[in-house]
Structures are given as structure tokens and as C-alpha cells.
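Data file: protein-v2.cif. Format and content: mmCIF, C-alpha atoms.
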data_model
#
loop_
_atom_site.label_atom_id
_atom_site.label_comp_id
_atom_site.auth_asym_id
_atom_site.auth_seq_id
_atom_site.Cartn_x
_atom_site.Cartn_y
_atom_site.Cartn_z
CA MET T 1 0.00 0.00 0.00
CA VAL T 2 2.78 2.43 0.93
CA ALA T 3 4.66 1.59 -2.27
CA PHE T 4 1.55 2.20 -4.36
CA ILE T 5 1.05 5.65 -2.79
CA ASP T 6 4.72 6.48 -3.34
CA GLU T 7 4.34 5.63 -6.99
CA HIS T 8 1.32 7.90 -7.58
CA ARG T 9 1.62 10.61 -4.92
CA ASP T 10 3.01 13.19 -7.36
CA THR T 11 -0.09 12.80 -9.52
CA TYR T 12 -2.91 12.46 -7.00
CA GLY T 13 -1.45 13.49 -3.62
CA VAL T 14 -1.32 11.47 -0.42
CA GLU T 15 -4.56 12.56 1.32
CA PRO T 16 -6.86 12.04 -1.71
CA MET T 17 -5.50 8.55 -2.24
CA CYS T 18 -5.77 7.69 1.46
CA ALA T 19 -9.43 8.77 1.33
CA VAL T 20 -10.02 6.04 -1.25
CA LEU T 21 -7.56 3.40 -0.05
CA PRO T 22 -7.92 1.54 3.29
CA ILE T 23 -5.05 3.41 4.94
CA ALA T 24 -4.96 6.57 7.03
CA PRO T 25 -2.56 9.42 6.13
CA SER T 26 -1.00 9.16 9.60
CA THR T 27 -0.27 5.47 9.05
CA TYR T 28 1.36 6.22 5.72
CA PHE T 29 3.61 8.95 7.15
CA LEU T 30 4.48 6.69 10.11
CA ARG T 31 5.64 3.97 7.74
CA LYS T 32 7.72 6.48 5.78
CA ALA T 33 9.34 7.78 8.97
CA GLN T 34 10.17 4.22 10.04
CA GLN T 35 11.77 3.55 6.66
CA GLN T 36 14.03 6.56 7.13
CA HIS T 37 14.76 5.70 10.78
CA PRO T 38 14.56 1.89 11.23
CA GLU T 39 15.53 2.15 14.89
CA THR T 40 12.13 3.67 15.65
CA ARG T 41 10.32 0.50 14.62
CA SER T 42 8.99 -1.93 17.22
CA ALA T 43 11.10 -4.88 18.41
CA ARG T 44 8.80 -7.28 16.59
CA ALA T 45 9.14 -5.40 13.32
CA ARG T 46 12.93 -5.40 13.59
CA ARG T 47 12.93 -9.10 14.44
CA ASP T 48 10.63 -9.88 11.49
CA GLU T 49 12.99 -8.08 9.14
CA GLU T 50 15.89 -10.25 10.30
CA LEU T 51 13.83 -13.42 10.02
CA ARG T 52 12.69 -12.55 6.51
CA ARG T 53 16.30 -12.54 5.36
CA GLU T 54 16.98 -15.89 7.02
CA ILE T 55 13.80 -17.45 5.65
CA ARG T 56 14.56 -16.25 2.13
CA ARG T 57 18.11 -17.59 2.38
CA VAL T 58 17.01 -21.06 3.54
CA TRP T 59 14.25 -21.20 0.92
CA ASP T 60 16.66 -20.29 -1.88
CA GLU T 61 19.44 -22.60 -0.67
CA HIS T 62 17.11 -25.61 -0.73
CA GLN T 63 15.91 -25.21 -4.30
CA GLN T 64 12.80 -23.26 -3.24
CA VAL T 65 10.89 -26.47 -2.41
CA TYR T 66 10.64 -26.13 1.38
CA GLY T 67 7.37 -25.09 2.97
CA PRO T 68 7.07 -23.42 6.40
CA ARG T 69 7.59 -26.66 8.32
CA LYS T 70 10.89 -27.58 6.63
CA VAL T 71 12.15 -23.98 6.70
CA TRP T 72 11.41 -23.86 10.42
CA ARG T 73 13.24 -27.16 10.99
CA GLN T 74 16.27 -25.96 9.04
CA LEU T 75 16.39 -22.70 10.99
CA ARG T 76 16.32 -24.68 14.23
CA ARG T 77 19.22 -26.83 13.00
CA GLU T 78 21.18 -23.64 12.37
CA GLY T 79 20.47 -22.33 15.85
CA VAL T 80 17.87 -19.71 14.90
CA ARG T 81 15.15 -19.64 17.55
CA VAL T 82 11.79 -18.87 16.01
CA ALA T 83 8.25 -20.16 16.34
CA ARG T 84 6.77 -22.24 13.53
CA CYS T 85 3.72 -19.97 13.32
CA THR T 86 6.05 -16.99 12.82
CA VAL T 87 7.72 -18.70 9.88
CA GLU T 88 4.29 -19.48 8.39
CA ARG T 89 3.18 -15.88 8.82
CA LEU T 90 6.30 -14.36 7.30
CA MET T 91 6.41 -16.80 4.38
CA GLY T 92 2.80 -15.95 3.63
CA GLU T 93 3.60 -12.24 3.65
CA MET T 94 6.60 -12.84 1.39
CA GLY T 95 4.63 -15.01 -1.01
CA LEU T 96 6.92 -18.03 -0.51
CA ARG T 97 5.44 -21.51 -0.90
CA GLY T 98 6.80 -25.04 -0.82
CA ALA T 99 6.44 -27.50 -3.67
CA ALA T 100 3.12 -29.39 -3.64
CA ARG T 101 2.50 -32.69 -5.33
CA GLY T 102 0.20 -32.96 -8.30
CA ARG T 103 -1.71 -35.84 -9.87
CA ALA T 104 -0.56 -36.87 -13.31
CA TRP T 105 1.06 -40.09 -14.43
CA LYS T 106 2.01 -42.41 -17.24
CA ILE T 107 1.84 -46.19 -16.88
CA THR T 108 5.38 -47.61 -16.90
CA THR T 109 4.82 -51.04 -15.30
CA GLN T 110 4.45 -53.75 -17.94
CA SER T 111 3.97 -57.14 -16.30
CA GLU T 112 4.22 -60.53 -17.89
CA ALA T 113 1.71 -63.21 -16.94
CA ALA T 114 4.12 -66.05 -17.74
CA GLY T 115 6.34 -67.40 -14.98
CA THR T 116 6.18 -67.16 -11.22
CA PRO T 117 7.61 -63.91 -9.80
CA PRO T 118 9.62 -63.85 -6.55
CA PRO T 119 7.53 -63.59 -3.37
CA ASP T 120 6.79 -60.33 -1.62
CA ARG T 121 9.22 -60.40 1.31
CA VAL T 122 8.41 -56.87 2.44
CA ASP T 123 4.61 -56.99 2.79
CA ARG T 124 4.43 -53.16 2.89
CA GLN T 125 6.70 -53.00 5.96
CA PHE T 126 9.23 -50.46 4.71
CA THR T 127 11.46 -50.41 7.76
CA ALA T 128 15.12 -51.29 8.27
CA THR T 129 17.38 -51.32 11.32
CA ARG T 130 20.64 -50.84 9.42
CA PRO T 131 21.91 -49.75 6.01
CA ASN T 132 21.94 -52.39 3.26
CA GLN T 133 19.08 -54.34 4.78
CA LEU T 134 16.32 -53.37 2.34
CA TRP T 135 16.53 -51.61 -1.03
CA VAL T 136 13.52 -50.50 -3.05
CA ALA T 137 13.68 -49.72 -6.76
CA ASP T 138 11.37 -48.07 -9.28
CA PHE T 139 11.46 -45.69 -12.23
CA THR T 140 9.34 -42.91 -13.68
CA TYR T 141 8.95 -40.97 -16.92
CA VAL T 142 9.71 -37.37 -17.88
CA ALA T 143 8.28 -35.69 -20.99
CA THR T 144 10.82 -33.69 -23.02
CA GLY T 145 10.84 -31.88 -26.34
CA ARG T 146 12.47 -34.96 -27.91
CA GLY T 147 10.18 -37.59 -26.40
CA PHE T 148 9.92 -39.39 -23.08
CA VAL T 149 12.96 -40.15 -20.96
CA TYR T 150 12.96 -42.44 -17.92
CA VAL T 151 14.61 -42.05 -14.52
CA ALA T 152 15.33 -45.06 -12.28
CA PHE T 153 16.27 -45.00 -8.61
CA VAL T 154 17.51 -47.54 -6.07
CA ILE T 155 16.83 -46.39 -2.50
CA ASP T 156 18.18 -47.71 0.80
CA VAL T 157 15.19 -47.84 3.14
CA PHE T 158 17.17 -47.27 6.35
CA ALA T 159 17.86 -43.58 5.71
CA ARG T 160 15.89 -43.10 2.45
CA ARG T 161 19.24 -42.55 0.75
CA ILE T 162 19.37 -42.84 -3.03
CA VAL T 163 22.25 -45.24 -3.72
CA GLY T 164 21.73 -45.75 -7.47
CA GLY T 165 20.18 -43.84 -10.34
CA ARG T 166 20.03 -43.74 -14.11
CA VAL T 167 18.42 -41.59 -16.81
CA SER T 168 17.70 -43.20 -20.19
CA ALA T 169 15.65 -42.72 -23.34
CA SER T 170 14.87 -46.45 -23.46
CA LEU T 171 12.85 -48.79 -21.25
CA ALA T 172 15.22 -51.70 -21.93
CA THR T 173 16.48 -53.79 -18.99
CA ALA T 174 19.97 -52.27 -19.25
CA PHE T 175 18.52 -48.98 -18.02
CA VAL T 176 17.42 -50.27 -14.58
CA LEU T 177 20.38 -52.66 -14.46
CA ASP T 178 22.75 -49.68 -14.62
CA ALA T 179 21.05 -48.17 -11.57
CA LEU T 180 21.47 -51.46 -9.70
CA GLU T 181 25.14 -51.69 -10.68
CA GLN T 182 25.71 -48.20 -9.37
CA ALA T 183 24.09 -49.11 -6.05
CA ILE T 184 26.19 -52.26 -5.69
CA TYR T 185 29.36 -50.36 -6.53
CA ASP T 186 28.48 -47.54 -4.15
CA ARG T 187 27.95 -49.95 -1.27
CA ARG T 188 30.96 -52.14 -1.98
CA GLY T 189 32.96 -52.81 1.17
CA ALA T 190 29.95 -52.01 3.37
CA GLY T 191 28.54 -55.54 3.06
CA VAL T 192 25.37 -56.50 1.22
CA GLU T 193 24.70 -59.80 3.00
CA ASP T 194 21.10 -60.44 4.06
CA LEU T 195 19.96 -57.69 1.69
CA VAL T 196 16.48 -57.68 0.13
CA HIS T 197 15.76 -55.86 -3.14
CA HIS T 198 12.08 -54.93 -3.55
CA SER T 199 10.43 -53.69 -6.74
CA ASP T 200 7.18 -53.81 -8.64
CA GLY T 201 6.31 -56.50 -11.19
CA GLY T 202 7.69 -54.70 -14.24
CA THR T 203 9.33 -56.75 -16.96
CA GLN T 204 12.63 -54.94 -16.43
CA TYR T 205 12.88 -56.09 -12.81
CA LEU T 206 11.72 -59.64 -13.62
CA SER T 207 14.06 -60.10 -16.56
CA MET T 208 16.71 -62.83 -16.49
CA ARG T 209 19.58 -60.34 -16.64
CA TYR T 210 18.31 -58.41 -13.65
CA THR T 211 17.46 -61.42 -11.47
CA ASP T 212 20.77 -63.10 -12.35
CA ARG T 213 22.66 -59.99 -11.26
CA LEU T 214 20.80 -59.97 -7.94
CA ALA T 215 21.67 -63.63 -7.40
CA GLU T 216 25.31 -63.01 -8.30
CA ALA T 217 25.51 -60.21 -5.71
CA GLY T 218 23.79 -62.34 -3.06
CA ILE T 219 20.70 -60.11 -2.92
CA GLU T 220 17.26 -61.62 -2.29
CA PRO T 221 14.60 -60.40 -4.78
CA SER T 222 11.16 -59.31 -3.63
CA VAL T 223 8.28 -58.27 -5.92
CA GLY T 224 4.99 -56.62 -5.01
CA SER T 225 1.63 -57.46 -6.52
CA ARG T 226 0.69 -56.20 -9.96
CA GLY T 227 -0.90 -52.76 -10.30
CA ASP T 228 -0.66 -51.95 -6.56
CA SER T 229 1.39 -48.86 -5.79
CA TYR T 230 1.14 -49.48 -2.04
CA ASP T 231 3.35 -52.56 -2.41
CA ASN T 232 6.21 -50.26 -3.43
CA ALA T 233 5.03 -47.16 -1.58
CA LEU T 234 8.40 -45.91 -0.34
CA ALA T 235 9.93 -45.85 -3.83
CA GLU T 236 6.76 -44.18 -5.14
CA SER T 237 7.07 -41.56 -2.40
CA VAL T 238 10.68 -40.66 -3.27
CA ILE T 239 9.81 -40.50 -6.96
CA GLY T 240 6.87 -38.26 -6.06
CA LEU T 241 9.26 -35.87 -4.34
CA PHE T 242 11.52 -35.94 -7.40
CA LYS T 243 8.65 -35.13 -9.76
CA THR T 244 7.33 -32.37 -7.49
CA GLU T 245 10.62 -30.70 -6.60
CA VAL T 246 12.41 -31.02 -9.93
CA ILE T 247 10.37 -32.06 -12.95
CA GLN T 248 7.21 -30.04 -12.40
CA ARG T 249 8.94 -26.93 -11.06
CA LYS T 250 11.81 -26.60 -13.51
CA GLY T 251 10.24 -27.79 -16.75
CA PRO T 252 9.55 -27.82 -19.60
CA TRP T 253 12.48 -30.06 -20.47
CA ARG T 254 14.15 -29.94 -23.86
CA HIS T 255 16.25 -33.11 -23.91
CA LEU T 256 17.67 -36.01 -21.90
CA GLU T 257 20.89 -34.21 -20.92
CA ALA T 258 18.96 -31.46 -19.14
CA VAL T 259 16.95 -34.02 -17.15
CA GLU T 260 20.10 -35.97 -16.29
CA PHE T 261 21.97 -32.92 -14.99
CA ALA T 262 18.97 -31.77 -12.92
CA THR T 263 18.56 -35.30 -11.52
CA LEU T 264 22.19 -35.56 -10.42
CA THR T 265 22.01 -32.13 -8.79
CA TRP T 266 18.81 -33.03 -6.94
CA VAL T 267 20.10 -36.43 -5.77
CA ASP T 268 23.23 -34.83 -4.32
CA TRP T 269 21.12 -32.27 -2.46
CA PHE T 270 18.59 -34.93 -1.39
CA ASN T 271 21.25 -37.26 0.04
CA THR T 272 23.39 -34.66 1.79
CA ARG T 273 21.21 -31.68 2.71
CA ARG T 274 17.47 -32.31 2.44
CA LEU T 275 15.65 -32.73 5.77
CA LEU T 276 13.43 -35.83 5.87
CA GLU T 277 10.62 -36.13 8.41
CA PRO T 278 10.73 -39.98 8.74
CA ILE T 279 14.34 -39.81 9.98
CA ARG T 280 13.80 -36.95 12.44
CA TYR T 281 14.50 -34.05 10.11
CA VAL T 282 18.11 -34.80 9.19
CA PRO T 283 19.63 -35.52 5.75
CA PRO T 284 20.06 -39.21 4.78
CA ALA T 285 23.87 -39.01 4.71
CA GLU T 286 23.95 -37.51 8.20
CA TYR T 287 21.54 -40.16 9.50
CA GLU T 288 23.75 -42.95 8.17
CA ALA T 289 26.88 -41.26 9.51
CA ARG T 290 25.31 -41.11 12.97
CA TYR T 291 24.51 -44.83 12.75
CA TYR T 292 28.08 -45.78 11.84
CA GLU T 293 29.50 -43.39 14.43
CA GLN T 294 27.40 -45.01 17.12
CA LEU T 295 28.30 -48.46 15.82
CA TYR T 296 32.04 -47.71 15.90
CA ARG T 297 31.80 -46.16 19.35
CA HIS T 298 29.94 -49.15 20.76
CA ALA T 299 32.43 -51.50 19.12
CA ALA T 300 35.26 -49.74 20.95
CA ILE T 301 33.46 -49.53 24.29
CA ASP T 302 32.12 -53.08 24.21
CA ALA T 303 35.52 -54.60 23.37
CA ALA T 304 36.17 -56.57 26.55
CA LEU T 305 39.63 -56.29 28.11
CA THR T 306 39.97 -59.61 29.88
CA VAL T 307 43.07 -61.04 31.50
CA ASP T 308 43.49 -64.62 32.59
CA ALA T 309 44.41 -64.14 36.24
CA ASP T 310 45.83 -67.63 36.66
CA ALA T 311 48.05 -67.76 33.58
CA GLY T 312 48.87 -64.07 33.59
CA ALA T 313 48.42 -63.93 29.81
CA PRO T 314 46.37 -61.24 28.08
CA ARG T 315 43.25 -62.20 26.22
CA SER T 316 40.86 -60.06 24.14
CA SER T 317 37.20 -60.64 23.44
CA THR T 318 34.64 -58.62 21.55
CA ARG T 319 30.87 -58.38 21.52
CA ASP T 320 28.91 -59.53 18.51
CA ALA T 321 26.26 -57.50 16.67
CA ASN T 322 23.69 -58.28 19.37
CA GLY T 323 25.93 -57.01 22.16
CA VAL T 324 26.67 -60.47 23.65
CA ALA T 325 30.18 -60.88 25.03
CA ALA T 326 32.01 -63.72 23.31
CA GLY T 327 34.66 -64.34 25.96
CA GLY T 328 32.92 -63.33 29.19
CA TYR T 329 34.41 -61.64 32.26
CA SER T 330 36.58 -62.89 35.13
CA SER T 331 35.23 -63.28 38.64
CA LEU T 332 37.46 -60.42 39.84
CA HIS T 333 36.35 -57.21 38.22
CA ARG T 334 35.02 -53.72 38.79
CA PRO T 335 32.97 -51.35 36.58
CA THR T 336 34.90 -48.51 34.94
CA ILE T 337 33.04 -45.62 33.32
CA VAL T 338 34.52 -44.75 29.93
CA VAL T 339 31.94 -42.40 28.42
CA PRO T 340 28.60 -41.20 29.78
CA GLY T 341 26.16 -44.09 29.90
CA ALA T 342 28.70 -46.81 28.98
CA SER T 343 30.94 -49.04 31.08
CA TYR T 344 33.02 -52.18 30.89
CA GLU T 345 34.82 -54.36 33.41
CA VAL T 346 38.52 -54.95 34.02
CA GLU T 347 40.29 -57.23 36.47
CA LEU T 348 41.82 -55.89 39.64
CA PRO T 349 44.88 -58.14 40.17
CA SER T 350 48.29 -56.63 39.50
CA ILE T 351 49.29 -58.26 36.23
CA ALA T 352 51.70 -56.87 33.66
CA GLY T 353 50.66 -57.47 30.10
CA THR T 354 49.27 -55.99 26.92
CA PHE T 355 45.59 -55.17 26.67
CA THR T 356 44.23 -55.20 23.12
CA VAL T 357 41.00 -53.75 21.85
CA VAL T 358 39.83 -55.03 18.50
CA ALA T 359 37.10 -53.11 16.68
CA GLU T 360 36.31 -54.28 13.19
CA PHE T 361 34.30 -52.32 10.65
CA THR T 362 34.30 -51.41 7.02
CA GLY T 363 33.37 -48.26 5.13
CA GLY T 364 32.28 -47.29 1.67
CA ARG T 365 34.08 -45.41 -1.05
CA SER T 366 34.67 -41.67 -1.25
CA SER T 367 34.41 -39.88 -4.58
CA ALA T 368 32.55 -37.06 -6.32
CA SER T 369 29.49 -39.18 -7.14
CA PRO T 370 26.25 -38.05 -5.47
CA PHE T 371 25.53 -41.71 -4.67
CA ASN T 372 28.40 -42.07 -2.18
CA ASN T 373 28.56 -43.90 1.13
CA GLU T 374 31.34 -41.76 2.58
CA VAL T 375 32.87 -42.72 5.88
CA ASP T 376 32.48 -39.93 8.38
CA ALA T 377 35.98 -38.78 9.30
CA LYS T 378 34.65 -37.43 12.59
CA ALA T 379 33.55 -40.94 13.54
CA ALA T 380 37.11 -42.21 13.16
CA GLU T 381 38.47 -39.30 15.18
CA ARG T 382 35.94 -39.86 17.95
CA LEU T 383 36.72 -43.58 18.00
CA GLN T 384 40.42 -42.83 18.44
CA ASP T 385 39.53 -40.45 21.26
CA VAL T 386 37.45 -43.17 22.93
CA LEU T 387 40.37 -45.59 22.68
CA ARG T 388 42.72 -43.08 24.30
CA ARG T 389 40.25 -42.44 27.11
CA LEU T 390 39.76 -46.19 27.47
CA GLN T 391 43.52 -46.64 27.92
CA ASN T 392 43.70 -43.91 30.56
CA GLU T 393 40.77 -45.33 32.55
CA VAL T 394 42.01 -48.92 32.50
CA LEU T 395 45.70 -48.36 33.09
CA SER T 396 45.25 -45.66 35.73
CA ALA T 397 43.69 -48.24 38.06
CA GLU T 398 45.93 -48.96 41.04
CA GLY T 399 48.00 -52.11 40.60
CA THR T 400 47.18 -52.53 36.93
CA SER T 401 49.75 -52.10 34.20
CA GLY T 402 49.78 -52.58 30.45
CA ARG T 403 49.24 -50.69 27.25
CA LEU T 404 46.46 -50.21 24.70
CA THR T 405 47.44 -50.02 21.05
CA HIS T 406 45.49 -49.21 17.92
CA THR T 407 46.38 -48.74 14.26
CA ASN T 408 44.50 -47.06 11.45
CA SER T 409 44.70 -48.54 7.95
CA SER T 410 43.84 -45.22 6.26
CA PRO T 411 43.48 -41.63 7.48
CA THR T 412 40.07 -41.14 5.89
CA ASN T 413 38.72 -44.66 5.28
CA PRO T 414 39.43 -46.82 8.34
CA GLY T 415 39.08 -50.53 7.83
CA TRP T 416 40.55 -51.97 11.06
CA LEU T 417 41.35 -50.47 14.42
CA ARG T 418 43.46 -52.53 16.80
#
So that I can check it, write out the structure of this file as C-alpha cells.
Amino acid sequence: MVAFIDEHRDTYGVEPMCAVLPIAPSTYFLRKAQQQHPETRSARARRDEELRREIRRVWDEHQQVYGPRKVWRQLRREGVRVARCTVERLMGEMGLRGAARGRAWKITTQSEAAGTPPPDRVDRQFTATRPNQLWVADFTYVATGRGFVYVAFVIDVFARRIVGGRVSASLATAFVLDALEQAIYDRRGAGVEDLVHHSDGGTQYLSMRYTDRLAEAGIEPSVGSRGDSYDNALAESVIGLFKTEVIQRKGPWRHLEAVEFATLTWVDWFNTRRLLEPIRYVPPAEYEARYYEQLYRHAAIDAALTVDADAGAPRSSTRDANGVAAGGYSSLHRPTIVVPGASYEVELPSIAGTFTVVAEFTGGRSSASPFNNEVDAKAAERLQDVLRRLQNEVLSAEGTSGRLTHTNSSPTNPGWLR
């Protein structure tokens, strides 16, 4: 309103326009005075001005797809204290909106009646307790000026991380097989045992080449029922985000190369920066890094330092994945606090020897691909810190002597710590 009056005041004057518009002359002149002297504005007005800049920055940095809820969550992650209703109010005043899903589709699932497909091992329970426990795969179409192109994804259910992707102008099996190969390569070294691969009943996923590759990699196939999107709901959900946040917002698309570049950019942002509600509003890469960090820390803490009191010889034992001690403890022991909330036991007798902690783990590769499983360097640093603290706690006990050693096979990609 003030801007409109400024634009036409030389022609019509302020008071005549205020008599027609729903604004008093005193209000107009007050706003003008506050523009010239911002310090005279109220505390709320000054705070709103600061928040508008922060909201605009977050909205622009995240591809302009966040609504008030995600913007509010991101501001909280950055340490900006603001109410969610305030973010909603200011985004409404600024005309900022998040991406909303539409309803338009093309049928891409072509099932074959011949043959018996693999059973549905998921049964719509899209949950996983660790990475590389359950993958879901699907693909979608994108209309371009040169015809349809197709985009395939392979998603790790644990953190909703996209581990494989491919853009192609053909629906041939090689197209989805390339996405699977990328996922297997990305997760190499992290272990794919006891892994289930779930997809719909499309001919690409039921082809001999695809199923043979799954068998070769030791991956169990799982196929949902025909024509039922709920049987592959998690993959459909991620693809829905992709269509809403990229395809519908940034089109029309001229050719395959444009779609491929936009897809790679979005996948990198999705894996490393996008906040996801199902994993407590953190990015997938950060969620996985926290899992491995906790796993490595527990592996170091739970490594039992046990000494045979009779023979006087050192012996090491570790806990398995379920936290059960393999070697057990001696009858003479005391609890020693290593980190808050964690403890282990060490014998009291005065015995000279070498105490060894063995913590085994593997990590993924590190490269420029957006489908990486990078090992968090901070996790390795924290593990080394835990080992040092462990040594100080154990060997500072009265009458106990020995040393704790550990080696690192690589500065950035640890494979063994001893």
C-alpha cells in the first residue's frame, strides 16, 4: 500500500489517495518515517525483518521447495530460535510456498503373466534397522521436447538414501540394471549380505539379466503385486518428491541431458542436505553417519579387556552385533566408566601385560558421485579419542599395568582399528 502511494503521490497526492484506499494518512507517514529511521520500529518489526532474510536464504538454498515446516526445521538446525507460526506468517507475507504434489502419471509397469515372480518379502513393511538391509527400486517418466525419458532410482530404506540412479531414453532392462550396478558399486565394502531388493512386477525387474545380477551379488529379490502402488510405496514416495521438486517446477524439459543434470544435482542435495521427516528431520547421509558413528563407538566400548588371572596372559574378546560378550568376564572385576552411559569391566589383580581392543568395521568409497557412502571422518576421530580415554581409565587403576594399542589402515577410510 505504501509503495503504491509512493508511486502515484506526485499525480494524485497522499490525502486524496488515502481517502479512497484503506489506509490513514497518519499510518502512511508513520511507515515512511520508520523507513528513514529503522531504529524507531517496534522490536517485533525489527525481528521480522531479520527473520525474513533468514527465511529467504534457507528457501533459496534448498531449491525453493521447502514449505514453512521444513524452513522452520532448518532454521532450528542452524540455531535460529523462532516459532513455527512466525515462519508461516512471514512466508505468507513474502509469497513463498513449498512445492506441492500434483496428480498426473504415465503407466510404466508392464507385467508378464508367464512365470512365477519372486515372493513379496516386504509386505508393505518399509522399515530397516541398518543400512543395506532393504533396497527399493522403481522408475518414472519425464516428458521432453524430444520424447519421453525415464529415470530409475535404487533407495536404501534405512535412511531413504538414493544409492543408485540412471536416466535413459529407453525402457530396456539395461537402463534399470545400470542403476542397480551403481548401487552395488556404491555400497561395496559395506557388506550387502542379508539384503532384500524390492520392486514392482515390471518386466525390467523380472528379466533374467536383472534377477541373475541380484543372485550373483547375493541379494534376495522381492516383488509386489501387480498394479498396486502401495506394495512399493516408499519408492513411489521418493519418486513423487523428485517429480514435485524437480520435474514439475523446472520444466519444460528440452532433452535427456537437461533431465540428467537436474537429476544428479537433486540427488546430491537430497542425500546430503534435504531434511526428511521420517528420519527426524536430518539428511540421509547424516543419519547414516550417525549410525556408523554409534556403531564404531559401541564397538570400541564393548571390546572386553579380559586377562586370565591364573596364567597371567592377556586375552581379548569382543561383543557380537547383538551385544553379547564372546569371551565373558573374570570373577574379579570392577565397573569402569569410559563415556557417559557406557561401562566395561577390568580385572583388579596386579598383572603386567598388553591389553588389546579389537574393533572391526568397514566403510564405503569416497568420490565425487552423489551416490556415495562416505565414511564420516569425525567418527574415526571420535573412536580414536574413545580408545585413548579407554587406555587412561584402565591403566590408571591402582596395581594394573599394560598398554592399549590401535592402528589405522587409512586416514580417511578406516578398515581396522586394533
Surrounding residues of Ser237 (chain T) excluding itself and chain neighbours under 3 positions, 12 Å, all atoms listed in the file, as a list in words: Arg101, Phe126, Val136, Ala137, Asp138, Phe139, Thr140, Phe153, Ile155, Val157, Arg160, Ser229, Tyr230, Asp231, Asn232, Ala233, Leu234, Gly240, Leu241, Phe242, Lys243, Thr244, Leu276 and Pro278 of chain T
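With only C-alpha atoms as the atoms that count, the minimum distance from Asp200 (chain T) to the choices T:Ala24, T:Val259, T:Val238, T:Val122 is reached by T:Val122.
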Just say which residues the PyMOL selection byres ((chain T and resi 3-13) around 12) picks in this file, as a PyMOL selection string. chain T and resi 1-2+14-25+27-29+31-32+35
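For the file at hand, the PyMOL selection byres ((chain T and resi 100) around 10) resolves to T:Val65, T:Tyr66, T:Gly67, T:Arg97, T:Gly98, T:Ala99, T:Arg101, T:Gly102, T:Gly240, T:Leu241, T:Thr244, T:Glu245, T:Gln248, T:Arg249.
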For the residues selected in the previous step, produce a file with C-alpha atoms as an mmCIF file, in the frame of the given file.
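As written to disk, again13.cif reads:
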data_model
loop_
_atom_site.group_PDB
_atom_site.id
_atom_site.type_symbol
_atom_site.label_atom_id
_atom_site.label_comp_id
_atom_site.auth_asym_id
_atom_site.auth_seq_id
_atom_site.Cartn_x
_atom_site.Cartn_y
_atom_site.Cartn_z
ATOM 1 C CA VAL T 65 10.890 -26.470 -2.410
ATOM 2 C CA TYR T 66 10.640 -26.130 1.380
ATOM 3 C CA GLY T 67 7.370 -25.090 2.970
ATOM 4 C CA ARG T 97 5.440 -21.510 -0.900
ATOM 5 C CA GLY T 98 6.800 -25.040 -0.820
ATOM 6 C CA ALA T 99 6.440 -27.500 -3.670
ATOM 7 C CA ARG T 101 2.500 -32.690 -5.330
ATOM 8 C CA GLY T 102 0.200 -32.960 -8.300
ATOM 9 C CA GLY T 240 6.870 -38.260 -6.060
ATOM 10 C CA LEU T 241 9.260 -35.870 -4.340
ATOM 11 C CA THR T 244 7.330 -32.370 -7.490
ATOM 12 C CA GLU T 245 10.620 -30.700 -6.600
ATOM 13 C CA GLN T 248 7.210 -30.040 -12.400
ATOM 14 C CA ARG T 249 8.940 -26.930 -11.060
#
Could you pull the residues within 10 Å of Glu286 (chain T), counting all atoms listed in the file, minus those fewer than 3 positions along the same chain, as a JSON list (two decimals) with C-alpha atoms, keeping the file's coordinate frame?
[["chain", "number", "residue", "atom", "x", "y", "z"],
["T", 159, "ALA", "CA", 17.86, -43.58, 5.71],
["T", 271, "ASN", "CA", 21.25, -37.26, 0.04],
["T", 272, "THR", "CA", 23.39, -34.66, 1.79],
["T", 273, "ARG", "CA", 21.21, -31.68, 2.71],
["T", 275, "LEU", "CA", 15.65, -32.73, 5.77],
["T", 282, "VAL", "CA", 18.11, -34.80, 9.19],
["T", 283, "PRO", "CA", 19.63, -35.52, 5.75],
["T", 289, "ALA", "CA", 26.88, -41.26, 9.51],
["T", 290, "ARG", "CA", 25.31, -41.11, 12.97],
["T", 291, "TYR", "CA", 24.51, -44.83, 12.75],
["T", 292, "TYR", "CA", 28.08, -45.78, 11.84],
["T", 376, "ASP", "CA", 32.48, -39.93, 8.38]]
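Of the listed residues T:Thr116, T:Asp156, T:Arg146, T:Gln63, the one whose atoms come nearest to Lys250 (chain T) is T:Gln63, with distances taken using all atoms listed in the file.
When all atoms listed in the file are used to compute distances to Glu220 (chain T), the closest of the residues T:Arg56, T:His197, T:Arg124, T:Arg47 turns out to be T:His197.
The shortest atom-to-atom distance to Ser199 (chain T), with only C-alpha atoms taken into account, belongs to T:Val223 out of T:Val223, T:Ala258, T:Val154, T:Leu171.
With all atoms listed in the file as the atoms that count, the residue of T:Val58, T:Val151, T:Leu206, T:Ala183 with the shortest distance to Pro119 (chain T) is T:Leu206.
Counting from CA of Arg44 (chain T), the distance to CA of Thr86 (chain T) is 10.8 Å.
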